[in-house]
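Heads up, model-v8.cif below (mmCIF, C-alpha atoms and all ligand atoms):
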data_start
#
loop_
_atom_site.label_atom_id
_atom_site.label_comp_id
_atom_site.auth_asym_id
_atom_site.auth_seq_id
_atom_site.Cartn_x
_atom_site.Cartn_y
_atom_site.Cartn_z
CA MET G 284 -54.70 -29.43 84.93
CA ALA G 285 -57.16 -27.66 82.74
CA SER G 286 -60.65 -28.62 83.69
CA THR G 287 -64.01 -27.45 82.67
CA ILE G 288 -67.22 -27.53 84.56
CA VAL G 289 -69.72 -29.77 82.93
CA ASN G 290 -72.13 -27.16 81.79
CA ALA G 291 -74.03 -28.87 79.07
CA PRO G 292 -75.38 -26.45 76.47
CA CYS G 293 -77.60 -29.29 75.38
CA THR G 294 -77.66 -32.74 76.81
CA VAL G 295 -74.02 -33.60 77.22
CA PRO G 296 -74.04 -36.55 79.58
CA SER G 297 -73.24 -35.16 82.95
CA VAL G 298 -71.58 -36.81 85.90
CA LYS G 299 -73.07 -40.24 86.25
CA GLY G 300 -73.07 -42.29 89.39
CA PHE G 301 -72.71 -39.45 91.85
CA GLU G 302 -75.08 -37.62 94.11
CA THR G 303 -75.40 -34.56 91.95
CA GLN G 304 -76.78 -32.28 94.60
CA ASN G 305 -73.70 -32.81 96.73
CA TYR G 306 -71.10 -32.85 93.99
CA VAL G 307 -70.14 -30.54 91.22
CA GLY G 308 -68.73 -32.61 88.38
CA LEU G 309 -65.51 -31.42 86.90
CA ARG G 310 -64.57 -33.19 83.76
CA PRO G 311 -61.03 -32.99 82.39
CA ILE G 312 -61.20 -30.60 79.48
CA SER G 313 -62.05 -32.60 76.46
CA SER G 314 -58.50 -32.48 75.14
CA LEU G 315 -57.46 -34.82 77.89
CA TRP G 316 -59.60 -37.52 76.41
CA PHE G 317 -57.35 -37.21 73.43
CA ASN G 318 -54.38 -39.09 74.70
CA PRO G 319 -52.27 -40.56 71.95
CA GLY G 320 -50.85 -43.05 74.43
CA ARG G 321 -54.23 -44.47 75.29
CA THR G 322 -55.18 -47.54 73.32
CA SER G 323 -58.48 -47.25 71.57
CA THR G 324 -59.82 -50.16 73.54
CA SER G 325 -59.04 -48.86 77.03
CA ARG G 326 -61.76 -47.21 79.04
CA PRO G 327 -61.83 -43.43 79.24
CA ARG G 328 -60.45 -42.01 82.44
CA PRO G 329 -62.78 -41.51 85.34
CA LEU G 330 -64.32 -38.13 85.93
CA PHE G 331 -62.80 -35.83 88.48
CA VAL G 332 -65.20 -35.05 91.23
CA VAL G 333 -64.93 -32.04 93.46
CA ARG G 334 -66.86 -31.90 96.68
CA ALA G 335 -68.99 -28.79 96.70
CA CYS G 336 -70.32 -29.38 100.19
CA GLU G 337 -69.74 -32.06 102.74
CA ARG G 338 -71.68 -32.99 105.81
CA PHE G 339 -69.26 -33.22 108.69
CA ASP G 340 -70.26 -35.65 111.40
CA GLY G 341 -68.07 -34.00 114.07
CA SER G 342 -65.99 -37.02 115.13
CA VAL G 343 -62.23 -36.52 114.93
CA LYS G 344 -59.95 -39.49 115.48
CA LYS G 345 -57.87 -38.79 118.58
CA ALA G 346 -54.14 -38.76 117.72
CA GLU G 347 -51.86 -40.86 119.87
CA MET G 348 -49.04 -38.29 119.90
CA SER G 349 -49.21 -34.52 119.96
CA ILE G 350 -47.52 -32.41 117.30
CA GLU G 351 -44.84 -31.43 119.83
CA GLU G 352 -44.12 -35.09 120.62
CA CYS G 353 -43.85 -35.94 116.92
CA GLU G 354 -41.45 -33.07 116.33
CA ALA G 355 -39.38 -34.02 119.40
CA ALA G 356 -39.09 -37.60 118.11
CA VAL G 357 -37.78 -36.37 114.76
CA VAL G 358 -35.32 -33.97 116.42
CA ALA G 359 -34.07 -36.89 118.54
CA GLY G 360 -33.39 -38.81 115.33
CA ASN G 361 -36.35 -41.19 115.68
CA ALA G 362 -38.25 -40.30 112.53
CA PRO G 363 -41.01 -42.80 111.68
CA GLU G 364 -40.29 -45.15 108.81
CA ALA G 365 -41.20 -44.21 105.24
CA PRO G 366 -40.67 -46.39 102.19
CA PRO G 367 -37.07 -46.37 100.92
CA VAL G 368 -36.11 -44.75 97.63
CA PRO G 369 -36.89 -47.43 95.04
CA PRO G 370 -33.88 -49.10 93.40
CA LYS G 371 -32.77 -47.75 90.02
CA PRO G 372 -34.68 -49.66 87.34
CA ALA G 373 -32.43 -52.01 85.44
CA ALA G 374 -31.58 -51.40 81.79
CA PRO G 375 -31.69 -54.41 79.45
CA ALA G 376 -28.53 -56.50 79.23
CA GLY G 377 -26.22 -55.11 76.59
CA THR G 378 -27.20 -51.46 77.15
CA PRO G 379 -24.00 -49.47 76.69
CA VAL G 380 -22.59 -48.02 79.89
CA ILE G 381 -21.83 -44.41 79.11
CA GLN G 382 -21.33 -41.04 80.69
CA SER G 383 -24.53 -39.00 80.80
CA LEU G 384 -24.70 -36.14 78.35
CA GLN G 385 -24.13 -32.81 80.08
CA LEU G 386 -27.37 -31.09 79.16
CA THR G 387 -28.87 -28.02 80.80
CA ARG G 388 -32.15 -28.62 79.09
CA ARG G 389 -33.83 -31.97 78.75
CA PRO G 390 -37.25 -31.22 77.26
CA ARG G 391 -38.34 -34.79 78.01
CA ARG G 392 -38.53 -33.88 81.73
CA ASN G 393 -41.77 -32.01 81.06
CA ARG G 394 -43.23 -34.96 79.21
CA LYS G 395 -42.48 -37.73 81.65
CA SER G 396 -45.95 -38.50 82.96
CA PRO G 397 -49.56 -38.18 81.86
CA VAL G 398 -50.15 -35.59 84.59
CA LEU G 399 -47.27 -33.42 83.40
CA ARG G 400 -48.27 -33.80 79.78
CA ALA G 401 -51.78 -32.72 80.66
CA SER G 402 -50.47 -29.78 82.70
CA PHE G 403 -48.42 -28.42 79.85
CA GLN G 404 -50.77 -29.16 76.99
CA GLU G 405 -50.96 -25.97 74.97
CA THR G 406 -53.99 -26.66 72.83
CA SER G 407 -57.39 -28.00 73.73
CA ILE G 408 -60.30 -29.18 71.69
CA SER G 409 -63.94 -29.55 72.57
CA PRO G 410 -67.21 -30.33 70.80
CA ALA G 411 -67.97 -26.60 70.98
CA ASN G 412 -65.21 -26.08 68.39
CA PHE G 413 -66.95 -28.22 65.78
CA VAL G 414 -69.34 -27.28 63.01
CA TYR G 415 -70.99 -30.35 61.49
CA PRO G 416 -71.51 -30.23 57.70
CA LEU G 417 -74.66 -32.10 56.71
CA PHE G 418 -75.90 -33.07 53.27
CA ILE G 419 -79.63 -32.88 52.74
CA HIS G 420 -82.01 -33.93 49.99
CA GLU G 421 -85.72 -34.00 49.28
CA GLY G 422 -85.99 -37.77 49.74
CA GLN G 423 -87.37 -39.47 52.83
CA GLU G 424 -84.55 -41.94 53.17
CA ASP G 425 -80.92 -41.38 53.97
CA THR G 426 -78.66 -42.35 51.06
CA PRO G 427 -75.06 -43.32 51.80
CA ILE G 428 -72.38 -41.30 50.01
CA GLY G 429 -70.04 -43.79 48.37
CA ALA G 430 -66.87 -41.74 48.64
CA MET G 431 -67.53 -40.64 52.23
CA PRO G 432 -68.09 -43.71 54.43
CA GLY G 433 -70.36 -42.79 57.34
CA CYS G 434 -71.88 -39.76 55.56
CA TYR G 435 -75.34 -39.66 54.05
CA ARG G 436 -77.58 -37.45 52.07
CA LEU G 437 -80.10 -37.03 54.82
CA GLY G 438 -83.83 -36.69 54.35
CA TRP G 439 -84.46 -33.14 55.52
CA ARG G 440 -87.53 -33.99 57.60
CA HIS G 441 -86.34 -37.13 59.37
CA GLY G 442 -82.75 -38.30 59.02
CA LEU G 443 -81.43 -34.77 59.36
CA VAL G 444 -83.39 -34.01 62.51
CA GLU G 445 -82.17 -37.25 64.09
CA GLU G 446 -78.57 -36.52 63.15
CA VAL G 447 -78.77 -33.01 64.63
CA ALA G 448 -80.24 -34.42 67.84
CA LYS G 449 -77.37 -36.93 68.09
CA ALA G 450 -74.82 -34.18 67.58
CA ARG G 451 -76.41 -31.98 70.24
CA ASP G 452 -76.30 -34.90 72.66
CA VAL G 453 -72.52 -34.70 72.60
CA GLY G 454 -72.21 -30.93 72.58
CA VAL G 455 -72.08 -30.19 68.85
CA ASN G 456 -74.64 -27.44 68.41
CA SER G 457 -73.48 -25.91 65.14
CA ILE G 458 -74.16 -27.28 61.68
CA VAL G 459 -73.69 -26.23 58.09
CA LEU G 460 -76.13 -27.34 55.41
CA PHE G 461 -75.36 -28.51 51.88
CA PRO G 462 -78.33 -29.30 49.64
CA LYS G 463 -78.60 -31.85 46.84
CA VAL G 464 -80.90 -30.04 44.47
CA PRO G 465 -82.99 -31.90 41.85
CA ASP G 466 -81.55 -31.43 38.35
CA ALA G 467 -84.86 -30.04 37.15
CA LEU G 468 -84.42 -27.04 39.46
CA LYS G 469 -80.92 -26.22 38.26
CA SER G 470 -80.40 -23.40 35.78
CA PRO G 471 -77.54 -21.32 34.33
CA THR G 472 -78.36 -18.47 36.73
CA GLY G 473 -79.06 -20.69 39.75
CA ASP G 474 -82.27 -18.88 40.70
CA GLU G 475 -83.42 -21.74 42.91
CA ALA G 476 -80.73 -20.55 45.33
CA TYR G 477 -83.02 -17.79 46.56
CA ASN G 478 -86.34 -19.60 46.50
CA ASP G 479 -87.72 -18.88 49.97
CA ASN G 480 -89.39 -22.26 49.91
CA GLY G 481 -86.37 -24.10 48.54
CA LEU G 482 -84.77 -27.03 50.33
CA VAL G 483 -82.37 -24.98 52.46
CA PRO G 484 -84.79 -22.31 53.76
CA ARG G 485 -87.42 -24.99 54.45
CA THR G 486 -84.87 -27.03 56.36
CA ILE G 487 -83.67 -24.05 58.37
CA ARG G 488 -87.24 -23.27 59.42
CA LEU G 489 -87.85 -26.86 60.47
CA LEU G 490 -84.62 -27.08 62.48
CA LYS G 491 -85.13 -23.73 64.18
CA ASP G 492 -88.62 -24.83 65.13
CA LYS G 493 -87.30 -28.02 66.72
CA PHE G 494 -84.03 -26.67 68.13
CA PRO G 495 -84.26 -22.89 68.62
CA ASP G 496 -80.72 -22.60 69.98
CA LEU G 497 -79.10 -24.61 67.17
CA VAL G 498 -76.54 -22.48 65.31
CA ILE G 499 -77.09 -22.84 61.58
CA TYR G 500 -74.47 -21.93 59.00
CA THR G 501 -75.40 -21.94 55.34
CA ASP G 502 -73.35 -22.18 52.19
CA VAL G 503 -73.66 -19.22 49.83
CA ALA G 504 -72.66 -20.21 46.29
CA LEU G 505 -74.51 -21.17 43.14
CA ASP G 506 -72.94 -24.57 42.44
CA PRO G 507 -75.70 -26.82 43.86
CA TYR G 508 -78.22 -24.81 41.82
CA SER G 509 -76.19 -24.22 38.67
CA SER G 510 -76.76 -26.39 35.63
CA ASP G 511 -73.10 -25.72 34.87
CA GLY G 512 -71.91 -26.90 38.28
CA HIS G 513 -70.05 -23.64 38.83
CA ASP G 514 -70.23 -21.33 41.82
CA GLY G 515 -71.19 -18.43 39.56
CA ILE G 516 -72.98 -17.59 36.34
CA VAL G 517 -71.03 -18.80 33.31
CA ARG G 518 -70.81 -16.60 30.24
CA GLU G 519 -70.86 -18.07 26.73
CA ASP G 520 -67.07 -17.96 26.55
CA GLY G 521 -66.68 -19.78 29.86
CA VAL G 522 -65.94 -16.72 31.99
CA ILE G 523 -67.53 -16.74 35.46
CA MET G 524 -69.34 -13.41 35.74
CA ASN G 525 -68.36 -11.83 39.04
CA ASP G 526 -70.71 -8.96 39.77
CA GLU G 527 -73.81 -10.63 38.34
CA THR G 528 -73.07 -13.67 40.49
CA VAL G 529 -72.69 -11.48 43.57
CA HIS G 530 -76.14 -10.07 42.83
CA GLN G 531 -77.56 -13.61 42.99
CA LEU G 532 -75.56 -14.47 46.10
CA CYS G 533 -77.00 -11.47 47.94
CA LYS G 534 -80.50 -12.71 47.21
CA GLN G 535 -79.50 -16.20 48.33
CA ALA G 536 -78.02 -14.92 51.59
CA VAL G 537 -81.07 -12.79 52.37
CA SER G 538 -83.37 -15.74 51.69
CA GLN G 539 -81.34 -17.91 54.09
CA ALA G 540 -81.33 -15.15 56.71
CA ARG G 541 -85.10 -14.76 56.37
CA ALA G 542 -85.49 -18.48 57.11
CA GLY G 543 -83.43 -18.09 60.30
CA ALA G 544 -79.79 -18.78 59.40
CA ASP G 545 -77.30 -17.54 62.00
CA PHE G 546 -74.30 -17.43 59.67
CA VAL G 547 -74.32 -17.13 55.92
CA SER G 548 -71.06 -18.48 54.50
CA PRO G 549 -70.06 -17.37 51.02
CA SER G 550 -67.88 -20.15 49.57
CA ASP G 551 -68.00 -18.90 45.99
CA MET G 552 -64.80 -16.78 45.98
CA MET G 553 -66.30 -13.96 43.90
CA ASP G 554 -64.69 -10.56 44.54
CA GLY G 555 -66.61 -8.14 46.73
CA ARG G 556 -69.27 -10.58 47.84
CA VAL G 557 -68.77 -10.13 51.57
CA GLY G 558 -69.40 -6.39 51.45
CA ALA G 559 -72.34 -6.78 49.09
CA ILE G 560 -73.91 -9.52 51.21
CA ARG G 561 -73.38 -7.44 54.36
CA ALA G 562 -75.16 -4.49 52.77
CA ALA G 563 -77.98 -6.68 51.47
CA LEU G 564 -78.52 -8.29 54.86
CA ASP G 565 -78.46 -4.95 56.66
CA SER G 566 -80.88 -3.33 54.26
CA GLU G 567 -83.35 -6.16 54.85
CA GLY G 568 -83.08 -5.87 58.63
CA PHE G 569 -80.69 -8.79 59.16
CA ASN G 570 -77.83 -6.94 60.80
CA HIS G 571 -77.74 -9.65 63.48
CA VAL G 572 -76.92 -12.33 60.90
CA SER G 573 -73.18 -13.03 60.70
CA ILE G 574 -70.96 -13.75 57.72
CA MET G 575 -68.41 -16.53 57.76
CA SER G 576 -66.35 -15.86 54.66
CA TYR G 577 -64.48 -18.58 52.84
CA THR G 578 -61.52 -16.23 52.69
CA ALA G 579 -58.80 -18.54 51.44
CA LYS G 580 -60.53 -21.26 49.49
CA TYR G 581 -58.16 -23.09 47.23
CA ALA G 582 -58.84 -24.80 43.91
CA SER G 583 -58.23 -28.13 45.54
CA SER G 584 -58.56 -31.73 44.45
CA PHE G 585 -59.53 -32.58 48.01
CA TYR G 586 -63.16 -31.59 47.24
CA GLY G 587 -63.78 -34.63 45.02
CA PRO G 588 -65.97 -36.67 47.38
CA PHE G 589 -68.10 -33.60 48.22
CA ARG G 590 -68.84 -32.98 44.57
CA GLU G 591 -69.88 -36.60 44.23
CA ALA G 592 -72.13 -36.20 47.28
CA LEU G 593 -73.96 -33.25 45.75
CA ASP G 594 -73.48 -34.21 42.14
CA SER G 595 -72.03 -30.73 41.74
CA ASN G 596 -68.98 -31.35 39.57
CA PRO G 597 -68.40 -28.52 37.10
CA ARG G 598 -69.84 -29.63 33.76
CA PHE G 599 -66.72 -28.23 32.08
CA GLY G 600 -63.47 -26.59 33.04
CA ASP G 601 -62.36 -26.09 36.60
CA LYS G 602 -62.73 -23.49 39.33
CA LYS G 603 -59.26 -21.99 39.00
CA THR G 604 -60.40 -18.53 37.92
CA TYR G 605 -62.11 -17.98 41.25
CA GLN G 606 -60.67 -20.42 43.80
CA MET G 607 -57.05 -19.80 44.79
CA ASN G 608 -53.93 -21.43 43.41
CA PRO G 609 -52.68 -24.01 45.98
CA ALA G 610 -49.16 -22.69 45.39
CA ASN G 611 -50.04 -19.28 46.84
CA TYR G 612 -49.50 -18.04 50.37
CA ARG G 613 -49.31 -14.22 50.25
CA GLU G 614 -52.46 -14.06 48.18
CA ALA G 615 -54.39 -15.29 51.21
CA LEU G 616 -53.56 -11.97 52.85
CA VAL G 617 -55.07 -10.04 49.95
CA GLU G 618 -58.31 -11.97 50.42
CA ALA G 619 -58.19 -11.62 54.21
CA HIS G 620 -57.74 -7.84 54.07
CA GLU G 621 -60.69 -7.50 51.73
CA ASP G 622 -62.95 -9.75 53.78
CA GLU G 623 -62.05 -7.97 56.99
CA ALA G 624 -62.65 -4.56 55.45
CA GLU G 625 -65.95 -5.72 53.98
CA GLY G 626 -67.20 -6.88 57.37
CA ALA G 627 -66.67 -10.64 57.60
CA ASP G 628 -67.19 -12.04 61.11
CA ILE G 629 -65.13 -15.21 60.63
CA LEU G 630 -62.37 -15.98 58.13
CA LEU G 631 -62.26 -19.53 56.81
CA VAL G 632 -59.40 -21.50 55.31
CA LYS G 633 -60.14 -24.49 53.11
CA PRO G 634 -58.95 -27.27 52.85
CA GLY G 635 -57.57 -27.76 56.35
CA LEU G 636 -54.64 -30.05 57.02
CA PRO G 637 -52.62 -29.35 53.84
CA TYR G 638 -53.07 -25.62 54.49
CA LEU G 639 -51.98 -25.24 58.12
CA ASP G 640 -49.57 -22.49 57.14
CA ILE G 641 -52.46 -20.44 55.79
CA ILE G 642 -54.46 -20.97 58.97
CA LYS G 643 -51.47 -19.77 61.00
CA LEU G 644 -50.98 -16.82 58.68
CA LEU G 645 -54.54 -15.60 59.08
CA ARG G 646 -54.47 -16.31 62.80
CA ASN G 647 -51.39 -14.09 63.14
CA GLN G 648 -52.63 -11.36 60.84
CA SER G 649 -56.23 -11.01 61.91
CA PRO G 650 -58.01 -10.56 65.21
CA LEU G 651 -61.10 -12.26 63.78
CA PRO G 652 -62.04 -15.85 64.63
CA ILE G 653 -60.55 -18.33 62.18
CA ALA G 654 -62.36 -21.37 60.83
CA ALA G 655 -60.73 -24.35 59.16
CA TYR G 656 -62.62 -26.70 56.85
CA GLN G 657 -61.42 -30.27 57.02
CA VAL G 658 -62.84 -31.13 53.62
CA SER G 659 -64.33 -34.26 52.15
CA GLY G 660 -61.08 -35.59 50.69
CA GLU G 661 -59.30 -35.27 54.02
CA TYR G 662 -62.16 -37.11 55.71
CA SER G 663 -62.28 -39.85 53.11
CA MET G 664 -58.54 -40.48 53.25
CA ILE G 665 -58.62 -40.98 57.01
CA LYS G 666 -61.69 -43.22 56.71
CA ALA G 667 -60.09 -45.26 53.94
CA GLY G 668 -56.85 -45.65 55.86
CA GLY G 669 -58.84 -46.80 58.86
CA VAL G 670 -60.94 -49.31 56.92
CA LEU G 671 -57.80 -50.76 55.36
CA LYS G 672 -56.26 -50.94 58.84
CA MET G 673 -53.31 -48.89 57.66
CA ILE G 674 -53.84 -46.29 60.36
CA ASP G 675 -55.79 -46.05 63.60
CA GLU G 676 -58.78 -44.05 62.36
CA GLU G 677 -59.85 -42.65 65.69
CA ARG G 678 -56.42 -41.47 66.74
CA VAL G 679 -55.60 -39.99 63.36
CA MET G 680 -58.97 -38.24 63.37
CA MET G 681 -58.33 -36.67 66.78
CA GLU G 682 -54.76 -35.75 65.93
CA SER G 683 -55.77 -34.07 62.68
CA LEU G 684 -58.40 -32.00 64.48
CA MET G 685 -56.00 -31.06 67.27
CA CYS G 686 -53.44 -29.96 64.68
CA LEU G 687 -55.98 -27.67 63.04
CA ARG G 688 -56.61 -26.10 66.46
CA ARG G 689 -52.88 -25.81 67.14
CA ALA G 690 -52.38 -23.98 63.86
CA GLY G 691 -54.92 -21.41 65.02
CA ALA G 692 -58.41 -22.51 64.04
CA ASP G 693 -61.09 -21.49 66.51
CA ILE G 694 -63.71 -23.63 64.85
CA ILE G 695 -63.42 -26.62 62.54
CA LEU G 696 -65.93 -27.67 59.95
CA THR G 697 -65.53 -31.43 59.90
CA TYR G 698 -67.49 -34.48 58.84
CA PHE G 699 -65.96 -36.10 61.92
CA ALA G 700 -67.83 -33.69 64.24
CA LEU G 701 -70.19 -36.29 65.70
CA GLN G 702 -67.65 -39.11 65.88
CA ALA G 703 -64.98 -36.88 67.40
CA ALA G 704 -67.37 -35.32 69.92
CA ARG G 705 -68.45 -38.78 71.02
CA CYS G 706 -64.84 -39.65 71.48
CA LEU G 707 -64.24 -36.48 73.51
CA CYS G 708 -67.24 -37.30 75.68
CA GLY G 709 -65.76 -40.71 76.38
CA GLU G 710 -68.31 -42.60 74.33
CA LYS G 711 -67.47 -45.24 71.82
CA LYS G 712 -68.90 -45.09 68.30
C1 LIG G 801 -69.11 -25.20 46.96
C2 LIG G 801 -68.46 -25.91 48.09
C3 LIG G 801 -67.53 -26.95 47.94
C4 LIG G 801 -67.23 -27.39 49.20
C5 LIG G 801 -67.95 -26.62 50.11
N1 LIG G 801 -68.71 -25.69 49.39
C6 LIG G 801 -67.01 -27.61 46.73
C7 LIG G 801 -66.36 -26.82 45.67
O1 LIG G 801 -65.93 -25.69 45.86
O2 LIG G 801 -66.32 -27.35 44.58
C8 LIG G 801 -66.28 -28.50 49.47
C9 LIG G 801 -66.37 -29.15 50.77
C10 LIG G 801 -65.70 -30.45 50.87
O3 LIG G 801 -64.99 -30.93 49.96
O4 LIG G 801 -65.86 -31.07 51.92
N2 LIG G 801 -69.36 -23.88 47.02
#
Go through the file and emit its structure as structure tokens.
Ligand code: PBG
Amino acid sequence: MASTIVNAPCTVPSVKGFETQNYVGLRPISSLWFNPGRTSTSRPRPLFVVRACERFDGSVKKAEMSIEECEAAVVAGNAPEAPPVPPKPAAPAGTPVIQSLQLTRRPRRNRKSPVLRASFQETSISPANFVYPLFIHEGQEDTPIGAMPGCYRLGWRHGLVEEVAKARDVGVNSIVLFPKVPDALKSPTGDEAYNDNGLVPRTIRLLKDKFPDLVIYTDVALDPYSSDGHDGIVREDGVIMNDETVHQLCKQAVSQARAGADFVSPSDMMDGRVGAIRAALDSEGFNHVSIMSYTAKYASSFYGPFREALDSNPRFGDKKTYQMNPANYREALVEAHEDEAEGADILLVKPGLPYLDIIKLLRNQSPLPIAAYQVSGEYSMIKAGGVLKMIDEERVMMESLMCLRRAGADIILTYFALQAARCLCGEKK
């Protein structure tokens, strides 16, 4: 059984109810908490406890018979009693009486008990695999996002800090920030994106001050700052200007790095931006800052709730000249080769669940870590199905995340990060 030592990077609840100096707590790896057979109301399984040291009081119970005597008894045919083989369980009346199929392989044998299923589980999932996307705004209150039940635009000084602390409590120590920028600061060239005292850099500085080991990913794209709602600068005739946009993105990435971002994540899909951002970061002394590239980002309708959250819908047209056609598979390789060559540290696929084949493709073709983004529409559909009692929200949530891992995602950006991590830690909502 795969187990992991409880080694809380933050304040993951450790083994409760045991003398911790005498015991080392081993917790079943988080995947085992994901047990589709377990009803959502049943208690999580107990922790495994391994004795690290034991005080031995020296008294051994004296056996009545020696080993030799026991063996002699068995040889003489007087083996002690053991329970009989239990009777064959009865089938319901009316079950057809048939000859067994002659099968050399019965795959169900390896699935017959929870212990076996745990032994042979191929994929695991843990809070360390999650990156928690968080929406921030200038306000002091947290405003619910209508299309994303359970998600809020968080006040950057209060609500956000509390949310990050909650996530760290259950082992989620990576976040990605998405700002809701006041309309008055939006412009056709999105210059607010590289204001060193803008909402995102200010927030990064605050979070790094409070939680120095928090891993912060940022979004690099102009859409939250663009009066046109596009990821790039829009020319008079509607064309998104590639190289000029990349120029802006480099400034944005450097500004985020200066504030303390660990990963800058270009989600804009302009050509050549990874290499340009890498060069810009390096020339400013940020060669330790990583790039998570949105390598295969599709022009998807699953982003609807996100755009509502940030009020970032394109004012006209769509994003099809830069985001990929959902019908395309091979094209993801073109993007992946470029991003790899330009120095990306992580390749991201987005959306997640409808694009498992793309995740697998990049996993097989690249040695780099792969990220999957379970986007707003995927989240909202599961939430809606749960609220309407059409599906079991918690189980579908865990299954969807496990499937993203199975397809090959190392990390998953998911709005479920906190809820799922709580579930993995055996806590209820
Ligand atoms: C924008 C961006 C989008 C998302 C992440 N970054 C929206 C878009 O491309 O229009 C979508 C995330 C989601 O739907 O959860 N650069």
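For the residues G:Ser457, G:Ser659, G:Ser683, G:Thr528, ranking by smallest atom-to-atom distance to ligand LIG 801 (chain G) using all atoms listed in the file places G:Ser659 first.
As for atom C8 of ligand LIG 801 (chain G) and atom CA of Ala582 of chain G, they are spaced 10.0 Å apart.
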Exercise for the section: Using all atoms listed in the file, find each residue with an atom at most 6 Å away from ligand LIG 801 (chain G) and format the answer as a list in words. Expected result: Ala504, Asp506, Asp514, Ser550, Asp551, Tyr586, Phe589, Val658 and Ser659 of chain G
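Distances to Thr501 of chain G were evaluated for G:Pro462, G:Pro650, G:Pro427, G:Gly473 using all atoms listed in the file, and the minimum falls at G:Pro462.
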Problem - atom CA of Glu625 of chain G to atom CA of Pro471 of chain G, distance in Å rounded to a single decimal - result: 27.6 Å
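Each of G:Met553, G:Ile408, G:Leu489, G:Val357 was compared to Leu443 of chain G using all atoms listed in the file, and G:Leu489 turns out to be the nearest.
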Exercise for the section: Starting from the point (-77.1, -32.5, 52.6), work out which residues of protein, DNA or RNA have an atom no more than 10 Å away when counting only C-alpha atoms; state them as a PyMOL selection string. Expected result: chain G and resi 416-421+425+434-439+443+459-464+482-483+592-593
